[in-house]
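Below is one structure, written out as structure tokens; comments come after it.
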2 protein chains.
Amino acid sequence: MEQRVSLITLGVKDLDRSLRFYQALGWKRGNKDAGVVFFQLPGFILALWSRAALVEDAGIADGNGFGGMALAYNARSRGEADATLNEAVTAGARLLKAAQETPWGGYSGYFADPDGHVWEVAHNPGWTIDAAGRVSLMPPG
Amino acid sequence: MEQRVSLITLGVKDLDRSLRFYQALGWKRGNKDAGVVFFQLPGFILALWSRAALVEDAGIADGNGFGGMALAYNARSRGEADATLNEAVTAGARLLKAAQETPWGGYSGYFADPDGHVWEVAHNPGWTIDAAGRVSLMPPG
């Protein structure tokens, strides 16, 4: 597992309210998809997404120490995503969900670190990961 | 407030256990300070720190929806840290702690976004922020 984070997801109750809040701080949305907001940060992405959807996607119970924030590690292939989840479990992580195909055309699973911090491990064919591990919403070129 | 995150802090129960976990994933520690672990990621930093200390520092109650994970925005000066906290409050954030001098020689305050996600806003004179907003543990040069 390379030393990097691809995405921070903030689970939110009201996506429009949260979008307005971060826009009021001067942030510019980087996507047009319904139901999720992406902000391109230097080298990684901050996402706003329904907290209920995040809980369901991660296969966890809410209100059980989960604060609604998750990290994600984007692998360069499905095989690397599987290998990373295996590596985490070998290191002592708890597997929350084995990687599987997602509705958005990717591949994703979840683990929890020793304190229960939630990590998604995903392969997203639409996102670019450069040699330094920086993730971009934009296609290369 | 520029569109960036300087630090993700994972509040942990047992710093050594968490350090061993991330080292087992292949990550290399970037500091030698006691009581806190920093990992240099591409453009920002992931920290492991006592969850109890994080809760106390942020001026919040644990177990009240807080999941032990916090984001930080490093400003380039104390004045910018104050201005950023004011900007967040104007945008609808809840001020958790006004910025004040810290034991590590910096200056730091906290706000909560509309869902209670915790943001520290800090000035750390020992860390470098480049023009693109990337934060590095190493001094320039």
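Letters A, B, ... go to the chains of the structure tokens in the order shown; residues in each chain start at 1; ligands are counted from 1 in the same order.
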Who sits within 9 Å of Gly126 (chain A), only C-alpha atoms, same chain under 4 positions skipped, as a PDB file with C-alpha atoms, in the first residue's frame:
ATOM      1  CA  GLY A 105     -18.450   1.381 -12.921  1.00  0.00           C
ATOM      2  CA  GLY A 106     -15.677   0.852 -10.417  1.00  0.00           C
ATOM      3  CA  LEU A 137     -10.693  14.243 -11.349  1.00  0.00           C
ATOM      4  CA  MET A 138      -9.541  15.212 -14.823  1.00  0.00           C
ATOM      5  CA  PRO A 139      -8.382  12.790 -17.488  1.00  0.00           C
TER       6      PRO A 139
END
Q. When DSSP works through the backbone of this structure, what residues of region 7-138 of chain B end up as strand (DSSP E or B), shown as a PyMOL selection string?
A. chain B and resi 7-12+36-41+44-50+69-74+94-101+107-112+118-123+128-129+135-136
With N, CA and C atoms retained, export the selected residues as a short mmCIF file (atom, residue, chain, number, x, y, z; two decimals), in the first residue's frame.
data_model
loop_
_atom_site.label_atom_id
_atom_site.label_comp_id
_atom_site.auth_asym_id
_atom_site.auth_seq_id
_atom_site.Cartn_x
_atom_site.Cartn_y
_atom_site.Cartn_z
N LEU B 7 -3.77 18.41 6.66
CA LEU B 7 -3.51 17.32 7.61
C LEU B 7 -4.81 16.57 7.84
N ILE B 8 -4.70 15.26 7.91
CA ILE B 8 -5.77 14.44 8.45
C ILE B 8 -5.23 13.83 9.73
N THR B 9 -5.94 14.01 10.81
CA THR B 9 -5.50 13.41 12.07
C THR B 9 -6.45 12.28 12.44
N LEU B 10 -5.87 11.11 12.68
CA LEU B 10 -6.63 9.98 13.18
C LEU B 10 -6.39 9.89 14.68
N GLY B 11 -7.43 10.07 15.46
CA GLY B 11 -7.31 9.90 16.90
C GLY B 11 -7.25 8.42 17.23
N VAL B 12 -6.27 8.02 18.01
CA VAL B 12 -6.05 6.59 18.26
C VAL B 12 -5.95 6.33 19.77
N VAL B 36 3.27 11.83 18.89
CA VAL B 36 2.54 12.06 17.64
C VAL B 36 3.34 11.44 16.49
N VAL B 37 2.63 10.89 15.53
CA VAL B 37 3.27 10.28 14.36
C VAL B 37 2.79 11.03 13.12
N PHE B 38 3.73 11.43 12.28
CA PHE B 38 3.38 12.07 11.01
C PHE B 38 3.84 11.19 9.85
N PHE B 39 2.95 11.03 8.88
CA PHE B 39 3.31 10.39 7.61
C PHE B 39 3.19 11.45 6.51
N GLN B 40 4.26 11.66 5.77
CA GLN B 40 4.21 12.59 4.63
C GLN B 40 3.50 11.90 3.47
N LEU B 41 2.38 12.43 3.05
CA LEU B 41 1.67 11.94 1.86
C LEU B 41 1.92 12.94 0.73
N PHE B 44 0.21 16.48 1.46
CA PHE B 44 -0.33 16.74 2.79
C PHE B 44 0.18 15.68 3.76
N ILE B 45 -0.35 15.68 4.97
CA ILE B 45 0.22 14.85 6.03
C ILE B 45 -0.90 14.09 6.73
N LEU B 46 -0.63 12.83 7.06
CA LEU B 46 -1.54 12.08 7.91
C LEU B 46 -0.89 11.92 9.27
N ALA B 47 -1.64 12.25 10.32
CA ALA B 47 -1.12 12.19 11.68
C ALA B 47 -1.87 11.15 12.49
N LEU B 48 -1.15 10.49 13.37
CA LEU B 48 -1.74 9.65 14.41
C LEU B 48 -1.50 10.36 15.73
N TRP B 49 -2.55 10.52 16.50
CA TRP B 49 -2.44 11.25 17.76
C TRP B 49 -3.46 10.68 18.74
N SER B 50 -3.17 10.77 19.99
CA SER B 50 -4.11 10.30 21.02
C SER B 50 -5.50 10.89 20.79
N MET B 69 -11.74 11.53 13.92
CA MET B 69 -10.95 11.93 12.76
C MET B 69 -11.16 13.43 12.56
N ALA B 70 -10.08 14.16 12.31
CA ALA B 70 -10.19 15.60 12.11
C ALA B 70 -9.37 16.03 10.91
N LEU B 71 -9.82 17.08 10.24
CA LEU B 71 -9.08 17.69 9.15
C LEU B 71 -8.39 18.94 9.68
N ALA B 72 -7.32 19.34 9.02
CA ALA B 72 -6.68 20.60 9.41
C ALA B 72 -6.33 21.40 8.17
N TYR B 73 -6.44 22.70 8.33
CA TYR B 73 -6.07 23.66 7.31
C TYR B 73 -4.96 24.50 7.88
N ASN B 74 -3.78 24.44 7.29
CA ASN B 74 -2.67 25.24 7.79
C ASN B 74 -2.60 26.56 7.02
N ARG B 94 -19.62 26.27 13.25
CA ARG B 94 -19.67 26.50 14.68
C ARG B 94 -18.23 26.60 15.17
N LEU B 95 -17.90 27.68 15.87
CA LEU B 95 -16.55 27.83 16.41
C LEU B 95 -16.40 26.91 17.61
N LEU B 96 -15.44 26.00 17.55
CA LEU B 96 -15.20 25.11 18.69
C LEU B 96 -14.18 25.71 19.64
N LYS B 97 -13.18 26.38 19.06
CA LYS B 97 -12.14 27.00 19.88
C LYS B 97 -11.50 28.12 19.08
N ALA B 98 -11.47 29.32 19.66
CA ALA B 98 -10.76 30.42 19.00
C ALA B 98 -9.27 30.09 18.95
N ALA B 99 -8.59 30.59 17.94
CA ALA B 99 -7.16 30.28 17.80
C ALA B 99 -6.38 30.83 18.99
N GLN B 100 -5.44 30.05 19.43
CA GLN B 100 -4.57 30.45 20.54
C GLN B 100 -3.20 29.81 20.36
N GLU B 101 -2.25 30.30 21.13
CA GLU B 101 -0.91 29.72 21.05
C GLU B 101 -0.92 28.28 21.54
N TYR B 107 -0.08 28.07 16.48
CA TYR B 107 -1.27 28.87 16.77
C TYR B 107 -2.41 28.09 16.14
N SER B 108 -3.46 27.82 16.88
CA SER B 108 -4.46 26.88 16.39
C SER B 108 -5.83 27.09 17.01
N GLY B 109 -6.87 26.96 16.18
CA GLY B 109 -8.26 26.96 16.62
C GLY B 109 -9.03 25.89 15.86
N TYR B 110 -10.30 25.73 16.16
CA TYR B 110 -11.11 24.68 15.56
C TYR B 110 -12.50 25.19 15.21
N PHE B 111 -13.05 24.67 14.09
CA PHE B 111 -14.48 24.86 13.83
C PHE B 111 -15.10 23.53 13.44
N ALA B 112 -16.43 23.48 13.52
CA ALA B 112 -17.18 22.31 13.05
C ALA B 112 -18.04 22.73 11.87
N VAL B 118 -14.95 18.04 12.14
CA VAL B 118 -14.03 18.91 12.87
C VAL B 118 -12.87 19.33 12.00
N TRP B 119 -12.65 20.64 11.94
CA TRP B 119 -11.52 21.23 11.22
C TRP B 119 -10.67 22.03 12.20
N GLU B 120 -9.39 21.74 12.22
CA GLU B 120 -8.45 22.63 12.89
C GLU B 120 -7.96 23.66 11.88
N VAL B 121 -7.76 24.88 12.33
CA VAL B 121 -7.12 25.90 11.49
C VAL B 121 -5.89 26.36 12.27
N ALA B 122 -4.74 26.18 11.66
CA ALA B 122 -3.50 26.37 12.42
C ALA B 122 -2.46 27.14 11.63
N HIS B 123 -1.53 27.73 12.35
CA HIS B 123 -0.29 28.19 11.74
C HIS B 123 0.84 27.46 12.43
N THR B 128 6.31 23.79 5.82
CA THR B 128 6.35 24.55 4.57
C THR B 128 5.05 24.35 3.80
N ILE B 129 4.48 25.45 3.32
CA ILE B 129 3.32 25.39 2.42
C ILE B 129 3.76 25.99 1.10
N VAL B 135 1.59 20.78 1.64
CA VAL B 135 2.26 20.92 2.93
C VAL B 135 3.31 19.84 3.08
N SER B 136 4.47 20.26 3.58
CA SER B 136 5.58 19.34 3.72
C SER B 136 6.17 19.42 5.12
#
Using only C-alpha atoms, I'd like a table of the residues in chain B that come within 6 Å of chain A; for each, show the closest atom pair and its distance in Å rounded to one decimal, ordered by chain and ascending number, as JSON lines.
{"residue": "B:Met1", "atom": "CA", "partner": "A:Leu25", "partner_atom": "CA", "distance": 5.6}
{"residue": "B:Gln3", "atom": "CA", "partner": "A:Trp27", "partner_atom": "CA", "distance": 5.5}
{"residue": "B:Arg4", "atom": "CA", "partner": "A:Leu41", "partner_atom": "CA", "distance": 5.0}
{"residue": "B:Val12", "atom": "CA", "partner": "A:Asp115", "partner_atom": "CA", "distance": 5.9}
{"residue": "B:Phe21", "atom": "CA", "partner": "A:Ala91", "partner_atom": "CA", "distance": 5.8}
{"residue": "B:Ala24", "atom": "CA", "partner": "A:Ala91", "partner_atom": "CA", "distance": 5.6}
{"residue": "B:Leu25", "atom": "CA", "partner": "A:Met1", "partner_atom": "CA", "distance": 5.6}
{"residue": "B:Trp27", "atom": "CA", "partner": "A:Gln3", "partner_atom": "CA", "distance": 5.4}
{"residue": "B:Leu41", "atom": "CA", "partner": "A:Arg4", "partner_atom": "CA", "distance": 5.0}
{"residue": "B:Gly65", "atom": "CA", "partner": "A:Gly67", "partner_atom": "CA", "distance": 5.5}
{"residue": "B:Phe66", "atom": "CA", "partner": "A:Gly67", "partner_atom": "CA", "distance": 4.9}
{"residue": "B:Gly67", "atom": "CA", "partner": "A:Gly67", "partner_atom": "CA", "distance": 3.4}
{"residue": "B:Ala91", "atom": "CA", "partner": "A:Ala24", "partner_atom": "CA", "distance": 5.6}
{"residue": "B:Asp115", "atom": "CA", "partner": "A:Val12", "partner_atom": "CA", "distance": 5.9}
Q. Of the candidates A:Gly30, A:Pro125, A:Gly79, A:Gly35, which one gets nearest to Thr102 (chain A) if we count only C-alpha atoms?
A. A:Pro125
Q | alpha helix (DSSP H) per DSSP on the backbone: members of chain B, as an MDAnalysis selection string | A | chainID B and resid 15:24 51:58 78:90
